[in-house]
>>> print(open('structure39.tsv').read())   # TSV, C-alpha atoms
chain	number	residue	atom	x	y	z
G	1	MET	CA	-69.83	119.00	-223.58
G	2	SER	CA	-69.13	115.28	-224.02
G	3	ARG	CA	-71.52	112.41	-223.39
G	4	GLU	CA	-69.37	111.51	-220.37
G	5	SER	CA	-69.89	115.02	-219.01
G	6	ALA	CA	-73.65	114.61	-219.48
G	7	ARG	CA	-73.54	111.48	-217.36
G	8	ALA	CA	-71.53	113.37	-214.75
G	9	VAL	CA	-74.24	116.05	-214.51
G	10	ILE	CA	-76.83	113.36	-213.82
G	11	ALA	CA	-74.59	111.60	-211.31
G	12	GLU	CA	-74.03	114.85	-209.40
G	13	ALA	CA	-77.77	115.56	-209.22
G	14	LEU	CA	-78.43	112.05	-207.93
G	15	CYS	CA	-75.67	112.40	-205.33
G	16	GLN	CA	-77.41	115.54	-204.09
G	17	GLY	CA	-80.69	113.62	-203.80
G	18	ARG	CA	-82.32	115.64	-206.58
G	19	THR	CA	-84.92	114.27	-208.99
G	20	ASN	CA	-84.98	117.33	-211.27
G	21	LEU	CA	-82.28	119.07	-213.28
G	22	THR	CA	-81.97	122.85	-213.42
G	23	ALA	CA	-82.45	124.55	-216.78
G	24	ASP	CA	-78.73	125.02	-217.36
G	25	GLU	CA	-77.99	121.38	-216.51
G	26	ALA	CA	-80.70	120.14	-218.84
G	27	GLY	CA	-79.49	122.51	-221.54
G	28	ALA	CA	-75.92	121.26	-221.22
G	29	ILE	CA	-77.07	117.65	-221.63
G	30	CYS	CA	-79.22	118.56	-224.64
G	31	ARG	CA	-76.30	120.36	-226.28
G	32	SER	CA	-74.11	117.31	-225.79
G	33	TYR	CA	-76.54	115.46	-228.08
G	34	GLY	CA	-76.54	118.20	-230.69
G	35	LEU	CA	-79.99	119.58	-229.94
G	36	PRO	CA	-80.40	123.18	-231.20
G	37	LEU	CA	-80.83	125.60	-228.29
G	38	PRO	CA	-80.64	129.40	-228.15
G	39	ALA	CA	-77.58	131.13	-226.73
G	40	GLU	CA	-77.71	131.35	-222.95
G	41	ARG	CA	-75.60	132.24	-219.92
G	42	VAL	CA	-75.93	131.53	-216.20
G	43	ALA	CA	-76.02	134.68	-214.05
G	44	ARG	CA	-75.53	134.44	-210.28
G	45	ASN	CA	-76.25	138.12	-209.62
G	46	VAL	CA	-77.73	141.17	-211.32
G	47	GLU	CA	-74.39	142.41	-212.67
G	48	GLU	CA	-73.73	139.06	-214.32
G	49	ALA	CA	-77.27	139.09	-215.75
G	50	ALA	CA	-76.75	142.53	-217.31
G	51	ALA	CA	-73.36	141.52	-218.72
G	52	ALA	CA	-74.75	138.27	-220.14
G	53	ALA	CA	-77.66	140.04	-221.82
G	54	ASN	CA	-75.32	142.60	-223.39
G	55	GLU	CA	-73.11	139.78	-224.66
G	56	ILE	CA	-75.95	137.68	-226.08
G	57	GLY	CA	-77.81	140.63	-227.59
G	58	TYR	CA	-81.38	141.78	-227.14
G	59	PRO	CA	-84.12	140.76	-226.75
G	60	VAL	CA	-83.49	138.18	-224.03
G	61	ALA	CA	-85.45	136.09	-221.55
G	62	LEU	CA	-84.65	135.55	-217.88
G	63	LYS	CA	-85.60	132.32	-216.06
G	64	VAL	CA	-84.95	131.48	-212.43
G	65	LEU	CA	-82.42	128.76	-211.70
G	66	SER	CA	-83.61	126.60	-208.84
G	67	PRO	CA	-83.69	122.81	-208.44
G	68	GLN	CA	-86.98	123.12	-206.56
G	69	ILE	CA	-88.84	125.44	-208.95
G	70	ILE	CA	-89.63	123.52	-212.12
G	71	HIS	CA	-92.71	125.40	-213.37
G	72	LYS	CA	-91.21	128.87	-213.50
G	73	SER	CA	-94.29	130.65	-214.82
G	74	ASP	CA	-96.32	129.43	-211.83
G	75	ALA	CA	-93.77	131.12	-209.59
G	76	GLY	CA	-93.70	134.36	-211.58
G	77	ALA	CA	-90.04	133.58	-212.12
G	78	ILE	CA	-89.66	134.17	-215.84
G	79	ALA	CA	-89.46	137.33	-217.94
G	80	LEU	CA	-89.63	137.44	-221.74
G	81	GLY	CA	-88.74	139.92	-224.45
G	82	LEU	CA	-86.45	142.14	-222.38
G	83	ALA	CA	-85.14	144.86	-224.68
G	84	GLY	CA	-82.44	146.62	-222.67
G	85	GLU	CA	-80.16	146.50	-219.66
G	86	GLY	CA	-82.56	148.43	-217.45
G	87	GLU	CA	-85.31	145.91	-218.13
G	88	VAL	CA	-82.92	143.05	-217.35
G	89	ARG	CA	-81.93	144.56	-214.02
G	90	GLU	CA	-85.56	145.15	-213.02
G	91	ALA	CA	-86.58	141.66	-214.13
G	92	TYR	CA	-83.73	140.01	-212.23
G	93	ALA	CA	-84.81	141.60	-208.95
G	94	ARG	CA	-88.47	140.75	-209.60
G	95	ILE	CA	-87.73	137.12	-210.51
G	96	ILE	CA	-85.59	136.49	-207.43
G	97	ALA	CA	-88.23	138.07	-205.17
G	98	SER	CA	-91.09	136.14	-206.78
G	99	ALA	CA	-89.24	132.83	-206.63
G	100	SER	CA	-88.32	133.35	-202.98
G	101	ALA	CA	-91.91	134.19	-202.09
G	102	TYR	CA	-93.25	131.23	-204.06
G	103	ASP	CA	-91.01	128.74	-202.23
G	104	PRO	CA	-89.10	130.20	-199.28
G	105	SER	CA	-87.22	126.91	-198.85
G	106	ALA	CA	-86.00	126.80	-202.47
G	107	THR	CA	-82.36	127.21	-203.35
G	108	ILE	CA	-82.13	130.16	-205.75
G	109	GLU	CA	-78.93	129.90	-207.80
G	110	GLY	CA	-79.54	132.96	-209.98
G	111	VAL	CA	-81.10	133.15	-213.44
G	112	LEU	CA	-80.59	131.80	-216.92
G	113	VAL	CA	-80.23	134.60	-219.46
G	114	GLN	CA	-81.40	133.31	-222.83
G	115	GLN	CA	-81.63	134.68	-226.33
G	116	MET	CA	-85.23	135.26	-227.41
G	117	ALA	CA	-86.17	133.19	-230.44
G	118	ARG	CA	-88.05	134.65	-233.39
G	119	PRO	CA	-91.70	133.55	-233.72
G	120	GLY	CA	-92.59	130.33	-235.51
G	121	ARG	CA	-94.80	127.30	-235.16
G	122	GLU	CA	-94.60	125.79	-231.68
G	123	VAL	CA	-94.38	122.04	-231.15
G	124	ILE	CA	-93.34	119.76	-228.31
G	125	VAL	CA	-90.82	116.94	-228.43
G	126	GLY	CA	-90.56	114.84	-225.31
G	127	ALA	CA	-90.01	111.44	-223.83
G	128	VAL	CA	-91.48	109.45	-220.97
G	129	THR	CA	-90.70	106.09	-219.42
G	130	ASP	CA	-93.55	103.61	-219.72
G	131	PRO	CA	-93.52	100.72	-217.21
G	132	THR	CA	-94.30	98.24	-219.99
G	133	PHE	CA	-92.68	99.64	-223.12
G	134	GLY	CA	-89.74	101.59	-221.70
G	135	LYS	CA	-88.68	104.85	-223.32
G	136	VAL	CA	-91.40	106.43	-225.47
G	137	VAL	CA	-90.89	109.58	-227.56
G	138	MET	CA	-93.69	112.11	-227.98
G	139	PHE	CA	-94.37	114.74	-230.65
G	140	GLY	CA	-97.24	117.20	-230.86
G	141	LEU	CA	-98.44	120.78	-230.97
G	142	GLY	CA	-96.58	122.72	-228.30
G	143	GLY	CA	-96.68	125.90	-226.29
G	144	ILE	CA	-100.13	126.75	-224.95
G	145	PHE	CA	-101.71	124.11	-227.19
G	146	VAL	CA	-100.29	121.10	-225.32
G	147	GLU	CA	-102.84	121.02	-222.51
G	148	THR	CA	-105.65	122.54	-224.58
G	149	PHE	CA	-105.70	120.16	-227.54
G	150	LYS	CA	-103.53	117.26	-226.34
G	151	ASP	CA	-102.63	116.71	-229.99
G	152	VAL	CA	-99.68	114.33	-229.65
G	153	THR	CA	-98.38	111.10	-231.11
G	154	PHE	CA	-95.90	108.55	-229.74
G	155	ALA	CA	-93.17	106.18	-230.91
G	156	LEU	CA	-91.01	103.65	-229.11
G	157	ALA	CA	-87.38	104.60	-228.63
G	158	PRO	CA	-84.98	104.27	-230.29
G	159	VAL	CA	-86.73	106.02	-233.17
G	160	SER	CA	-85.41	105.37	-236.69
G	161	PRO	CA	-84.84	108.29	-239.09
G	162	ALA	CA	-87.81	107.17	-241.20
G	163	ARG	CA	-90.11	106.93	-238.16
G	164	ALA	CA	-88.95	110.33	-236.94
G	165	ARG	CA	-90.00	111.91	-240.24
G	166	GLU	CA	-93.44	110.28	-239.96
G	167	LEU	CA	-94.37	111.64	-236.53
G	168	PRO	CA	-95.02	115.29	-237.51
G	169	GLY	CA	-97.56	114.09	-240.07
G	170	GLU	CA	-99.49	111.97	-237.57
G	171	ILE	CA	-100.93	114.72	-235.39
G	172	GLN	CA	-104.33	116.27	-236.13
G	173	GLY	CA	-102.69	119.67	-236.54
G	174	ALA	CA	-100.24	118.48	-239.17
G	175	ALA	CA	-101.65	121.04	-241.62
G	176	ILE	CA	-100.15	123.78	-239.44
G	177	LEU	CA	-96.72	122.36	-240.17
G	178	ARG	CA	-97.42	121.88	-243.86
G	179	GLY	CA	-98.30	125.57	-244.15
G	180	VAL	CA	-101.65	127.34	-244.20
G	181	ARG	CA	-102.78	130.66	-245.73
G	182	GLY	CA	-99.64	131.13	-247.75
G	183	GLU	CA	-97.18	130.09	-245.05
G	184	LYS	CA	-94.23	128.02	-246.16
G	185	PRO	CA	-93.96	124.51	-244.70
G	186	ALA	CA	-92.02	123.95	-241.50
G	187	ASP	CA	-88.69	122.20	-241.78
G	188	ILE	CA	-89.78	118.60	-241.15
G	189	GLU	CA	-86.22	117.31	-241.53
G	190	ALA	CA	-85.09	119.60	-238.70
G	191	LEU	CA	-87.96	118.40	-236.50
G	192	ALA	CA	-87.15	114.78	-237.35
G	193	GLY	CA	-83.56	115.41	-236.33
G	194	ILE	CA	-84.67	116.70	-232.94
G	195	ILE	CA	-86.94	113.67	-232.47
G	196	GLU	CA	-84.04	111.33	-233.30
G	197	LYS	CA	-81.67	113.09	-230.90
G	198	VAL	CA	-84.18	113.06	-228.05
G	199	SER	CA	-84.71	109.36	-228.70
G	200	GLN	CA	-80.96	108.74	-228.57
G	201	LEU	CA	-80.54	110.86	-225.44
G	202	VAL	CA	-83.13	109.03	-223.35
G	203	SER	CA	-82.02	105.64	-224.68
G	204	GLU	CA	-78.39	106.24	-223.71
G	205	LEU	CA	-79.20	108.00	-220.42
G	206	PRO	CA	-81.76	105.70	-218.77
G	207	GLU	CA	-81.73	107.79	-215.58
G	208	ILE	CA	-83.74	110.43	-217.43
G	209	ASP	CA	-87.30	109.42	-216.64
G	210	GLU	CA	-89.02	112.30	-218.42
G	211	LEU	CA	-87.99	115.10	-220.77
G	212	ASP	CA	-90.00	117.88	-222.43
G	213	LEU	CA	-88.70	120.32	-225.01
G	214	ASN	CA	-91.58	122.79	-225.09
G	215	PRO	CA	-91.80	124.79	-227.10
G	216	VAL	CA	-89.66	123.73	-230.00
G	217	ILE	CA	-90.10	126.52	-232.53
G	218	ALA	CA	-90.26	125.22	-236.09
G	219	TYR	CA	-89.18	127.46	-238.95
G	220	GLU	CA	-89.06	126.92	-242.68
G	221	ASP	CA	-85.30	126.66	-242.32
G	222	GLY	CA	-84.64	124.86	-239.06
G	223	ALA	CA	-85.98	124.51	-235.53
G	224	LEU	CA	-84.97	125.67	-232.03
G	225	ALA	CA	-85.74	124.16	-228.62
G	226	VAL	CA	-86.29	127.18	-226.40
G	227	ASP	CA	-87.35	125.63	-223.08
>>> encode(input="structure39.tsv", output="structure tokens")
Amino acid sequence: MSRESARAVIAEALCQGRTNLTADEAGAICRSYGLPLPAERVARNVEEAAAAANEIGYPVALKVLSPQIIHKSDAGAIALGLAGEGEVREAYARIIASASAYDPSATIEGVLVQQMARPGREVIVGAVTDPTFGKVVMFGLGGIFVETFKDVTFALAPVSPARARELPGEIQGAAILRGVRGEKPADIEALAGIIEKVSQLVSELPEIDELDLNPVIAYEDGALAVD
């Protein structure tokens, strides 16, 4: 996907009066900036979901696709670690039913079938628009730790390569990334690359008011933005 195509996705959403992108739209824009995402396919029905899961390979995750349902876990509209076609079919039906019950007025476009990532250290990389400073990039502990510890640090966009490498060391939980109890260090260069690309994305696409990649799973040999 080209940068021009990314702008077209945003333009189409604005023409429809939407203020949120669906997961597949956001993923397409992120890929156009070289952000590392797991393999995924859009499925409009249960047969497409089963075929997509078989193509990607198990385990997979299913997430509802709806412009109105942003917090999928609140709607019971996400299923993780599905290990076979039968589980995918059951999860598809359950997700569509849960999403429809959660918001009967929502447009349900199907599901996103996504490759499950192997475990690692979870961080968040995001960006917000500050009324005074403009685009600000955020880095911190991710996953369930975001709201619990609020261990984050910020930098003005655009972020230089040197500044991007500094951010992971500025949080209180930096030792988790350096490696504890015999763990090897996380790949800081890979995390810095994601920070740089997020910075570039929001700088070049000013219509994007807010973006969260959470979690980004950091490994000793790379990193993956899974949501």
>>> closest_residue(input="structure39.tsv", among="G:Gly140, G:Pro104, G:Gly17, G:Gly84", to="Leu213 of chain G", atoms="all atoms listed in the file")
G:Gly140
>>> residues_around(input="structure39.tsv", residues="Ala225 of chain G", least_positions_apart="6", cutoff="7 Å", atoms="only C-alpha atoms", output="PyMOL selection string")
chain G and resi 36-37+213-217
>>> residues_around(input="structure39.tsv", residues="Gly76 of chain G", least_positions_apart="4", cutoff="12 Å", atoms="only C-alpha atoms", output="mmCIF file with C-alpha atoms, keeping the file's coordinate frame")
data_model
loop_
_atom_site.group_PDB
_atom_site.id
_atom_site.type_symbol
_atom_site.label_atom_id
_atom_site.label_comp_id
_atom_site.auth_asym_id
_atom_site.auth_seq_id
_atom_site.Cartn_x
_atom_site.Cartn_y
_atom_site.Cartn_z
ATOM 1 C CA LEU G 62 -84.650 135.550 -217.880
ATOM 2 C CA LYS G 63 -85.600 132.320 -216.060
ATOM 3 C CA VAL G 64 -84.950 131.480 -212.430
ATOM 4 C CA ILE G 69 -88.840 125.440 -208.950
ATOM 5 C CA ILE G 70 -89.630 123.520 -212.120
ATOM 6 C CA HIS G 71 -92.710 125.400 -213.370
ATOM 7 C CA LYS G 72 -91.210 128.870 -213.500
ATOM 8 C CA LEU G 80 -89.630 137.440 -221.740
ATOM 9 C CA ALA G 91 -86.580 141.660 -214.130
ATOM 10 C CA TYR G 92 -83.730 140.010 -212.230
ATOM 11 C CA ALA G 93 -84.810 141.600 -208.950
ATOM 12 C CA ARG G 94 -88.470 140.750 -209.600
ATOM 13 C CA ILE G 95 -87.730 137.120 -210.510
ATOM 14 C CA ILE G 96 -85.590 136.490 -207.430
ATOM 15 C CA ALA G 97 -88.230 138.070 -205.170
ATOM 16 C CA SER G 98 -91.090 136.140 -206.780
ATOM 17 C CA ALA G 99 -89.240 132.830 -206.630
ATOM 18 C CA SER G 100 -88.320 133.350 -202.980
ATOM 19 C CA ALA G 101 -91.910 134.190 -202.090
ATOM 20 C CA TYR G 102 -93.250 131.230 -204.060
ATOM 21 C CA ASP G 103 -91.010 128.740 -202.230
#
>>> closest_residue(input="structure39.tsv", among="G:Ile108, G:Ala175, G:Leu65, G:Ala39", to="Leu141 of chain G", atoms="only C-alpha atoms")
G:Ala175
>>> closest_atom_pairs(input="structure39.tsv", of="segment 24-71 of chain G", to="segment 178-199 of chain G", cutoff="8 Å", atoms="all atoms listed in the file", output="CSV")
residue,atom,partner,partner_atom,distance
G:Tyr33,CA,G:Lys197,CA,6.3
G:Gly34,CA,G:Lys197,CA,7.2
G:Leu35,CA,G:Ile194,CA,6.3
G:Pro36,CA,G:Ile194,CA,8.0
>>> axis_aligned_box(input="structure39.tsv", around="segment 82-99 of chain G", padding_each_side="8 Å", output="AutoDock Vina command-line options")
--center_x -85.6 --center_y 140.6 --center_z -214.9 --size_x 26.9 --size_y 31.6 --size_z 35.5
>>> closest_residue(input="structure39.tsv", among="G:Glu55, G:Glu40, G:Glu207, G:Glu85", to="Ala13 of chain G", atoms="all atoms listed in the file")
G:Glu207
>>> closest_residue(input="structure39.tsv", among="G:Ile78, G:Val60, G:Met116, G:Leu201", to="Val128 of chain G", atoms="all atoms listed in the file")
G:Leu201
>>> atom_distance(input="structure39.tsv", atom1="atom CA of Arg163 of chain G", atom2="atom CA of Arg118 of chain G")
28.2 Å
>>> closest_residue(input="structure39.tsv", among="G:Ser66, G:Ala52, G:Ser32, G:Val111", to="Ala79 of chain G", atoms="all atoms listed in the file")
G:Val111
